[in-house]
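Colleague: Below are the structure tokens for one structure; questions will follow.
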Amino acid sequence: MKATLAAVEVSSLSKRDTLISILIIGLLFFIFGFVTWVNAILIPYFKIACELTNFQSYLVTFAFYISYFVMSVPSSYLLKATGFKKGMMIGFWIMAVGAFIFVPAALTRTYEIFLLGLFMIGVGLAVLQTAANPYITVLGPQERAAQRISIMGICNKGAGILAPILFAAVVLRATDTDLFAQLPTMSAMERSAALDELVRRVIVPYSLMGVVLIGLGLLVRFSPLPEIDTEQETADVAAANSGKTSIFQFPHLILGAVAIFLHVGSQVIAIDTVIGYANSMGISLLEAKTFPAYTLMTTICGYILGISLIPKIISQVTAFRFCTLLGAVLTLLIIFTSGPVTILGHQADRSIWFVVLLGLANSLVWAGIWPLALDGLGRFTKLGAAILIMGLCGNAIMPLFYGYFADLYGVKLAYWVLFPCYLYLVYYAFWGHRVRRWGV
């Protein structure tokens, strides 16, 4: 791949400055993961506290991720106007507003206000993601991009392992299992009082989160993180892009955005539905809270393999292809296998462990898509990154399909929604990323 001037300029940084920059971006990805994957426990938590159906509970992910669709392209113009560092500070502050919105939402036990808070947190994250992903893509050689993105993934998913466990430790109590069992037998007044007390436990942690996010915005704004220039092009890239006036003239990017949409939707289903799937097997919420951590741990194992093997032993494209094929196979195993098994002290249907293993299948897909989709965009890189980030709205849409089919056919058969997603990802990994002209 021919490098843009942005990549050339960043590669001129000293090793020390490059390392500092990667550490700062790693911190950002940790924050992304912590704020994002706490949704895995917010879904069953709100389902109980706000008395919701499966479909209604997955509006948590819809409200959070639809903001990426709304804000991604505006984010690219914001970053162009303010620069990356000031833009990221604004993103953190928008997230802080969303965290503070949880306070009135909890005081009134109003689900719609919670969704507004989640939407605002997602808006801030859209700004940060639009900035951070191009950074890590150009901070070093192109052939090692998947390796760097895998390191960022470890930061992201490591935070995701901690988030549901810490949230449960702060908000849930050992006696809540008895409380949840007694709720159906309570009078309307008693149940309302119990649920009001339950939902107000989020006030302190989300207030603290808001304060921390304000501080992180200031930290990034005045950090040594370099600005990157994605507006200029080398002569080769400029010649290749001669006459191109629209982002839609890059088919491999648009097909990549669809791949992002389906990948992140599949990933969030694997993580955010596993607690509900465990509940369907008679596993309590307090026990089931660890299953998202297992899924994220298998994802981290995939990242470690990627860091170890790419590019010395296998190429990032080969790893990408393997992961997409593995995802399709695991989906079929989830649906067609059954039978009790005890693993890690949990007695459950064996199919849930194939859901956990989807973390491994998903691990190197994001890292595979980004370098291929941004290949040769030159001055269109910022907007191209925004289009890819827009694909994160797949996290909003796909869980709703899962929730809808779960209500109709059951939580196990609803995993059929994953199969066509992985088939498309197989297409992009093998053929779609090579398309440079529509109709060819």
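Chain lettering (A, B, ...) mirrors the order of the structure tokens, residue numbering begins at 1 for each chain separately, and ligand numbering begins at 1 in order of display.
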Near region 88-101 of chain A, counting only C-alpha atoms, which residues have an atom at most 8 Å away, once you skip same-chain residues fewer than 5 positions from it, shown as an mmCIF file with N, CA and C atoms, in the first residue's frame?

Modeller:
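Output (result07.cif):
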```cif
data_model
loop_
_atom_site.group_PDB
_atom_site.id
_atom_site.type_symbol
_atom_site.label_atom_id
_atom_site.label_comp_id
_atom_site.auth_asym_id
_atom_site.auth_seq_id
_atom_site.Cartn_x
_atom_site.Cartn_y
_atom_site.Cartn_z
ATOM 1 N N ILE A 113 -35.030 8.668 29.560
ATOM 2 C CA ILE A 113 -33.950 9.595 29.924
ATOM 3 C C ILE A 113 -32.624 8.845 30.000
ATOM 4 N N PHE A 114 -32.653 7.608 30.489
ATOM 5 C CA PHE A 114 -31.445 6.784 30.445
ATOM 6 C C PHE A 114 -30.954 6.637 29.007
ATOM 7 N N LEU A 116 -31.427 8.677 26.551
ATOM 8 C CA LEU A 116 -30.850 9.955 26.123
ATOM 9 C C LEU A 116 -29.408 10.073 26.619
ATOM 10 N N GLY A 117 -29.175 9.694 27.881
ATOM 11 C CA GLY A 117 -27.813 9.724 28.421
ATOM 12 C C GLY A 117 -26.878 8.817 27.646
ATOM 13 N N LEU A 118 -27.354 7.618 27.320
ATOM 14 C CA LEU A 118 -26.541 6.686 26.543
ATOM 15 C C LEU A 118 -26.260 7.233 25.147
ATOM 16 N N PHE A 119 -27.247 7.899 24.560
ATOM 17 C CA PHE A 119 -27.051 8.509 23.239
ATOM 18 C C PHE A 119 -25.955 9.567 23.289
ATOM 19 N N MET A 120 -25.959 10.399 24.322
ATOM 20 C CA MET A 120 -24.947 11.446 24.443
ATOM 21 C C MET A 120 -23.559 10.848 24.669
ATOM 22 N N ILE A 121 -23.475 9.794 25.465
ATOM 23 C CA ILE A 121 -22.186 9.126 25.646
ATOM 24 C C ILE A 121 -21.695 8.598 24.301
ATOM 25 N N GLY A 122 -22.612 8.033 23.510
ATOM 26 C CA GLY A 122 -22.247 7.535 22.187
ATOM 27 C C GLY A 122 -21.801 8.634 21.246
ATOM 28 N N VAL A 123 -22.421 9.804 21.318
ATOM 29 C CA VAL A 123 -22.020 10.944 20.483
ATOM 30 C C VAL A 123 -20.571 11.323 20.776
ATOM 31 N N GLY A 124 -20.236 11.406 22.058
ATOM 32 C CA GLY A 124 -18.858 11.728 22.417
ATOM 33 C C GLY A 124 -17.885 10.666 21.950
ATOM 34 N N LEU A 125 -18.287 9.398 22.080
ATOM 35 C CA LEU A 125 -17.424 8.316 21.623
ATOM 36 C C LEU A 125 -17.244 8.338 20.115
ATOM 37 N N ALA A 126 -18.273 8.752 19.370
ATOM 38 C CA ALA A 126 -18.150 8.834 17.911
ATOM 39 C C ALA A 126 -17.035 9.804 17.521
ATOM 40 N N VAL A 127 -16.962 10.928 18.229
ATOM 41 C CA VAL A 127 -15.897 11.902 17.973
ATOM 42 C C VAL A 127 -14.537 11.275 18.272
ATOM 43 N N LEU A 128 -14.440 10.619 19.422
ATOM 44 C CA LEU A 128 -13.162 10.031 19.827
ATOM 45 C C LEU A 128 -12.735 8.902 18.899
ATOM 46 N N ALA A 131 -11.329 10.030 15.590
ATOM 47 C CA ALA A 131 -9.953 10.523 15.707
ATOM 48 C C ALA A 131 -8.961 9.402 15.986
ATOM 49 N N TYR A 206 -22.048 6.847 37.982
ATOM 50 C CA TYR A 206 -22.086 7.640 36.750
ATOM 51 C C TYR A 206 -21.745 9.107 37.003
ATOM 52 N N SER A 207 -21.995 9.602 38.199
ATOM 53 C CA SER A 207 -21.535 10.956 38.541
ATOM 54 C C SER A 207 -20.015 11.006 38.572
ATOM 55 N N MET A 209 -18.059 8.981 36.964
ATOM 56 C CA MET A 209 -17.615 8.813 35.590
ATOM 57 C C MET A 209 -17.614 10.154 34.856
ATOM 58 N N GLY A 210 -18.639 10.960 35.072
ATOM 59 C CA GLY A 210 -18.704 12.270 34.427
ATOM 60 C C GLY A 210 -17.530 13.152 34.804
ATOM 61 N N VAL A 211 -17.172 13.160 36.075
ATOM 62 C CA VAL A 211 -16.042 13.977 36.545
ATOM 63 C C VAL A 211 -14.737 13.482 35.917
ATOM 64 N N LEU A 213 -14.338 11.877 33.101
ATOM 65 C CA LEU A 213 -14.325 12.168 31.670
ATOM 66 C C LEU A 213 -13.947 13.618 31.389
ATOM 67 N N ILE A 214 -14.378 14.536 32.236
ATOM 68 C CA ILE A 214 -13.972 15.937 32.079
ATOM 69 C C ILE A 214 -12.459 16.063 32.237
ATOM 70 N N LEU A 216 -10.208 13.695 31.767
ATOM 71 C CA LEU A 216 -9.521 13.044 30.656
ATOM 72 C C LEU A 216 -9.504 13.932 29.410
ATOM 73 N N GLY A 217 -10.575 14.699 29.210
ATOM 74 C CA GLY A 217 -10.592 15.631 28.093
ATOM 75 C C GLY A 217 -9.467 16.649 28.184
ATOM 76 N N LEU A 218 -9.268 17.186 29.373
ATOM 77 C CA LEU A 218 -8.180 18.151 29.580
ATOM 78 C C LEU A 218 -6.821 17.479 29.420
ATOM 79 N N VAL A 220 -5.960 14.898 27.504
ATOM 80 C CA VAL A 220 -5.647 14.672 26.093
ATOM 81 C C VAL A 220 -5.354 15.982 25.381
ATOM 82 N N ARG A 221 -6.117 17.006 25.707
ATOM 83 C CA ARG A 221 -5.933 18.311 25.043
ATOM 84 C C ARG A 221 -4.515 18.832 25.231
#
```

Colleague: When you count only C-alpha atoms, which of these residues is closest to Asp375 (chain A): A:Leu179, A:Ile149, A:Leu225, A:Leu253?

Modeller: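 The shortest atom-to-atom distance to Asp375 (chain A) comes from A:Leu253.
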
Colleague: Would you mind telling me which residue in A:Arg200, A:Lys15, A:Arg437, A:Lys289 lies nearest to Leu139 (chain A) when using only C-alpha atoms?

Modeller: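 Residue with the minimum atom-to-atom distance to Leu139 (chain A): A:Lys15.
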
Colleague: Have a look at CA of Pro74 (chain A) and CA of Ala385 (chain A) and let me know their distance in Å, one decimal.

Modeller: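 Interatomic distance, CA of Pro74 (chain A) to CA of Ala385 (chain A): 11.7 Å.
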
Colleague: Give me the residues within 12 Å of Arg191 (chain A) as a list of chain:residue names, counting only C-alpha atoms and dropping any in the same chain fewer than 2 places off.

Modeller: A:Ile48, A:Ala49, A:Cys50, A:Glu51, A:Leu179, A:Phe180, A:Ala181, A:Gln182, A:Leu183, A:Pro184, A:Thr185, A:Met186, A:Ser187, A:Ala188, A:Met189, A:Ala193, A:Ala194, A:Leu195, A:Asp196, A:Glu197, A:Leu198

Colleague: Could you dump the residues just selected with C-alpha atoms as a JSON list (two decimals), in the first residue's frame?

Modeller:
```
[["chain", "number", "residue", "atom", "x", "y", "z"],
["A", 48, "ILE", "CA", -35.44, -5.72, 35.63],
["A", 49, "ALA", "CA", -35.39, -2.18, 37.03],
["A", 50, "CYS", "CA", -37.55, -0.64, 34.28],
["A", 51, "GLU", "CA", -39.66, -3.77, 33.63],
["A", 179, "LEU", "CA", -35.22, -9.61, 45.52],
["A", 180, "PHE", "CA", -35.56, -10.49, 41.82],
["A", 181, "ALA", "CA", -37.39, -13.71, 42.75],
["A", 182, "GLN", "CA", -39.82, -11.83, 45.02],
["A", 183, "LEU", "CA", -40.67, -9.03, 42.60],
["A", 184, "PRO", "CA", -43.55, -10.88, 40.86],
["A", 185, "THR", "CA", -45.27, -11.52, 44.22],
["A", 186, "MET", "CA", -44.98, -7.94, 45.52],
["A", 187, "SER", "CA", -47.78, -5.41, 45.44],
["A", 188, "ALA", "CA", -47.49, -2.64, 42.85],
["A", 189, "MET", "CA", -46.39, -0.13, 45.52],
["A", 193, "ALA", "CA", -40.30, 1.19, 45.79],
["A", 194, "ALA", "CA", -37.90, -1.75, 45.41],
["A", 195, "LEU", "CA", -37.18, -0.92, 41.77],
["A", 196, "ASP", "CA", -36.69, 2.79, 42.58],
["A", 197, "GLU", "CA", -34.04, 1.83, 45.13],
["A", 198, "LEU", "CA", -32.41, -0.56, 42.67]]
```

Colleague: Nearest to Ala168 (chain A) among A:Gly87, A:Pro44, A:Tyr135, A:Val70, with distances taken over only C-alpha atoms: which residue is it?

Modeller: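 Looking at the shortest contact to Ala168 (chain A), the residue is A:Pro44.
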
Colleague: Would you please give, as a ChimeraX atom specification, all residues of region 331-367 of chain A that DSSP assigns to helix (DSSP H, G or I) based on the backbone?

Modeller: /A:331-336,351-362,365-367

Colleague: How would the residues just chosen look if you wrote them out with N, CA and C atoms as a short mmCIF file (atom, residue, chain, number, x, y, z; two decimals), in the first residue's frame?

Modeller:
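Just written: result_5.cif:
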```
data_model
loop_
_atom_site.label_atom_id
_atom_site.label_comp_id
_atom_site.auth_asym_id
_atom_site.auth_seq_id
_atom_site.Cartn_x
_atom_site.Cartn_y
_atom_site.Cartn_z
N THR A 331 -21.27 -20.01 14.71
CA THR A 331 -22.70 -19.69 14.72
C THR A 331 -23.53 -20.95 14.52
N LEU A 332 -23.13 -21.78 13.58
CA LEU A 332 -23.85 -23.03 13.34
C LEU A 332 -23.76 -23.96 14.55
N LEU A 333 -22.62 -23.96 15.23
CA LEU A 333 -22.46 -24.80 16.42
C LEU A 333 -23.35 -24.31 17.56
N ILE A 334 -23.52 -23.00 17.70
CA ILE A 334 -24.42 -22.45 18.72
C ILE A 334 -25.84 -22.99 18.51
N ILE A 335 -26.27 -22.98 17.27
CA ILE A 335 -27.66 -23.32 16.96
C ILE A 335 -27.91 -24.83 17.01
N PHE A 336 -26.95 -25.61 16.55
CA PHE A 336 -27.20 -27.04 16.35
C PHE A 336 -26.63 -27.94 17.44
N SER A 351 -23.78 -24.97 24.20
CA SER A 351 -23.83 -23.97 23.13
C SER A 351 -23.37 -22.59 23.61
N ILE A 352 -23.52 -22.31 24.91
CA ILE A 352 -23.13 -20.99 25.40
C ILE A 352 -21.62 -20.79 25.26
N TRP A 353 -20.86 -21.88 25.30
CA TRP A 353 -19.41 -21.74 25.19
C TRP A 353 -18.98 -21.45 23.75
N PHE A 354 -19.84 -21.79 22.78
CA PHE A 354 -19.56 -21.38 21.41
C PHE A 354 -19.85 -19.89 21.23
N VAL A 355 -20.82 -19.36 22.01
CA VAL A 355 -21.02 -17.91 22.03
C VAL A 355 -19.78 -17.23 22.59
N VAL A 356 -19.24 -17.79 23.66
CA VAL A 356 -18.01 -17.26 24.26
C VAL A 356 -16.87 -17.27 23.24
N LEU A 357 -16.75 -18.36 22.48
CA LEU A 357 -15.66 -18.48 21.50
C LEU A 357 -15.82 -17.53 20.31
N LEU A 358 -17.01 -16.96 20.13
CA LEU A 358 -17.16 -15.94 19.09
C LEU A 358 -16.22 -14.76 19.34
N GLY A 359 -15.82 -14.57 20.60
CA GLY A 359 -14.85 -13.53 20.90
C GLY A 359 -13.56 -13.75 20.13
N LEU A 360 -13.13 -15.00 20.01
CA LEU A 360 -11.92 -15.32 19.25
C LEU A 360 -12.14 -15.03 17.77
N ALA A 361 -13.30 -15.43 17.25
CA ALA A 361 -13.59 -15.20 15.83
C ALA A 361 -13.65 -13.71 15.50
N ASN A 362 -14.12 -12.91 16.44
CA ASN A 362 -14.27 -11.47 16.20
C ASN A 362 -12.98 -10.69 16.40
N VAL A 365 -11.06 -9.15 13.17
CA VAL A 365 -11.86 -8.67 12.05
C VAL A 365 -11.76 -7.16 11.92
N TRP A 366 -11.93 -6.44 13.02
CA TRP A 366 -11.81 -4.98 13.00
C TRP A 366 -10.43 -4.57 12.49
N ALA A 367 -9.40 -5.23 13.01
CA ALA A 367 -8.03 -4.92 12.59
C ALA A 367 -7.80 -5.26 11.13
#
```

Colleague: Expressed in Å to a single decimal, how great is the separation between CA of Asn54 (chain A) and CA of Gly403 (chain A)?

Modeller: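 CA of Gly403 (chain A) lies at a distance of 5.3 Å from CA of Asn54 (chain A).
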
Colleague: Leaving out Leu115 (chain A) and any residue of its chain fewer than 3 positions from it, which residues lie within 12 Å of it when counting only C-alpha atoms, given as a VMD selection string?

Modeller: chain A and resid 39 42 to 43 46 50 56 to 67 98 to 99 101 to 102 104 to 106 109 to 112 118 to 122

Colleague: Provide the CA of Gly306 (chain A) to CA of Leu255 (chain A) distance in Å, to one decimal place.

Modeller: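 Going from CA of Gly306 (chain A) over to CA of Leu255 (chain A), I get 23.5 Å.
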
Colleague: My list of candidates is A:Ile304, A:Ile343, A:Leu52, A:Met152. Which is closest to Gly26 (chain A) when distances are computed with only C-alpha atoms?

Modeller: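 Ranked by minimum distance to Gly26 (chain A), first place goes to A:Met152.
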
Colleague: Select from region 337-417 of chain A everything DSSP, run on the backbone, classes as strand (DSSP E or B), then give the selection as a list in words.

Modeller: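 Across region 337-417 of chain A, those assigned strand (DSSP E or B) are Pro340, Val341, Thr342, Ile343, His346, Gln347, Ala348 and Asp349 of chain A.
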
Colleague: For a quick check of understanding, using only C-alpha atoms, which of A:Ile269, A:Val138, A:Ala288, A:Ile154 has the smallest distance to Thr177 (chain A)?

Modeller: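 Nearest candidate to Thr177 (chain A) out of A:Ile269, A:Val138, A:Ala288, A:Ile154: A:Ala288.
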
Colleague: Need the shell around Gln316 (chain A): protein/DNA/RNA residues with any atom at most 9 Å away, counting only C-alpha atoms. Skip same-chain ones fewer than 3 positions apart. Format as a list in words?

Modeller: Glu143, Arg144, Ala145, Ala146, Gln147, Gly306, Leu309, Ile310, Pro311, Ala319, Phe320, Arg321, Leu364, Ala367 and Gly368 of chain A

Colleague: Got time to write the residues from that selection, N, CA and C atoms, as a PDB file, in the first residue's frame?

Modeller:
```pdb
ATOM      1  N   GLU A 143       2.013  -2.605   7.203  1.00  0.00           N
ATOM      2  CA  GLU A 143       1.909  -4.054   7.348  1.00  0.00           C
ATOM      3  C   GLU A 143       1.802  -4.485   8.809  1.00  0.00           C
ATOM      4  N   ARG A 144       2.067  -3.564   9.745  1.00  0.00           N
ATOM      5  CA  ARG A 144       1.918  -3.864  11.157  1.00  0.00           C
ATOM      6  C   ARG A 144       0.683  -3.182  11.766  1.00  0.00           C
ATOM      7  N   ALA A 145      -0.181  -2.641  10.933  1.00  0.00           N
ATOM      8  CA  ALA A 145      -1.369  -1.939  11.440  1.00  0.00           C
ATOM      9  C   ALA A 145      -2.241  -2.869  12.272  1.00  0.00           C
ATOM     10  N   ALA A 146      -2.448  -4.104  11.782  1.00  0.00           N
ATOM     11  CA  ALA A 146      -3.281  -5.055  12.526  1.00  0.00           C
ATOM     12  C   ALA A 146      -2.670  -5.362  13.884  1.00  0.00           C
ATOM     13  N   GLN A 147      -1.332  -5.391  13.947  1.00  0.00           N
ATOM     14  CA  GLN A 147      -0.649  -5.641  15.215  1.00  0.00           C
ATOM     15  C   GLN A 147      -0.931  -4.517  16.208  1.00  0.00           C
ATOM     16  N   GLY A 306      -2.634 -12.468  17.267  1.00  0.00           N
ATOM     17  CA  GLY A 306      -2.375 -11.556  16.162  1.00  0.00           C
ATOM     18  C   GLY A 306      -1.067 -10.803  16.332  1.00  0.00           C
ATOM     19  N   LEU A 309       1.797 -13.371  15.690  1.00  0.00           N
ATOM     20  CA  LEU A 309       1.928 -14.026  14.387  1.00  0.00           C
ATOM     21  C   LEU A 309       1.976 -13.073  13.203  1.00  0.00           C
ATOM     22  N   ILE A 310       1.409 -11.863  13.369  1.00  0.00           N
ATOM     23  CA  ILE A 310       1.335 -10.919  12.239  1.00  0.00           C
ATOM     24  C   ILE A 310       2.473  -9.905  12.343  1.00  0.00           C
ATOM     25  N   PRO A 311       3.239  -9.629  11.283  1.00  0.00           N
ATOM     26  CA  PRO A 311       3.189 -10.231   9.947  1.00  0.00           C
ATOM     27  C   PRO A 311       4.249 -11.319   9.736  1.00  0.00           C
ATOM     28  N   ALA A 319      -5.210 -13.737   8.532  1.00  0.00           N
ATOM     29  CA  ALA A 319      -5.839 -13.804   9.852  1.00  0.00           C
ATOM     30  C   ALA A 319      -7.293 -13.339   9.785  1.00  0.00           C
ATOM     31  N   PHE A 320      -7.527 -12.283   9.025  1.00  0.00           N
ATOM     32  CA  PHE A 320      -8.877 -11.751   8.824  1.00  0.00           C
ATOM     33  C   PHE A 320      -9.776 -12.822   8.206  1.00  0.00           C
ATOM     34  N   ARG A 321      -9.283 -13.504   7.182  1.00  0.00           N
ATOM     35  CA  ARG A 321     -10.072 -14.538   6.512  1.00  0.00           C
ATOM     36  C   ARG A 321     -10.389 -15.707   7.452  1.00  0.00           C
ATOM     37  N   LEU A 364      -9.802 -10.370  15.275  1.00  0.00           N
ATOM     38  CA  LEU A 364      -8.948  -9.714  14.281  1.00  0.00           C
ATOM     39  C   LEU A 364      -9.724  -9.195  13.069  1.00  0.00           C
ATOM     40  N   ALA A 367      -9.397  -5.229  13.011  1.00  0.00           N
ATOM     41  CA  ALA A 367      -8.029  -4.920  12.593  1.00  0.00           C
ATOM     42  C   ALA A 367      -7.803  -5.255  11.128  1.00  0.00           C
ATOM     43  N   GLY A 368      -8.535  -6.233  10.608  1.00  0.00           N
ATOM     44  CA  GLY A 368      -8.400  -6.582   9.207  1.00  0.00           C
ATOM     45  C   GLY A 368      -9.101  -5.604   8.278  1.00  0.00           C
TER      46      GLY A 368
END
```
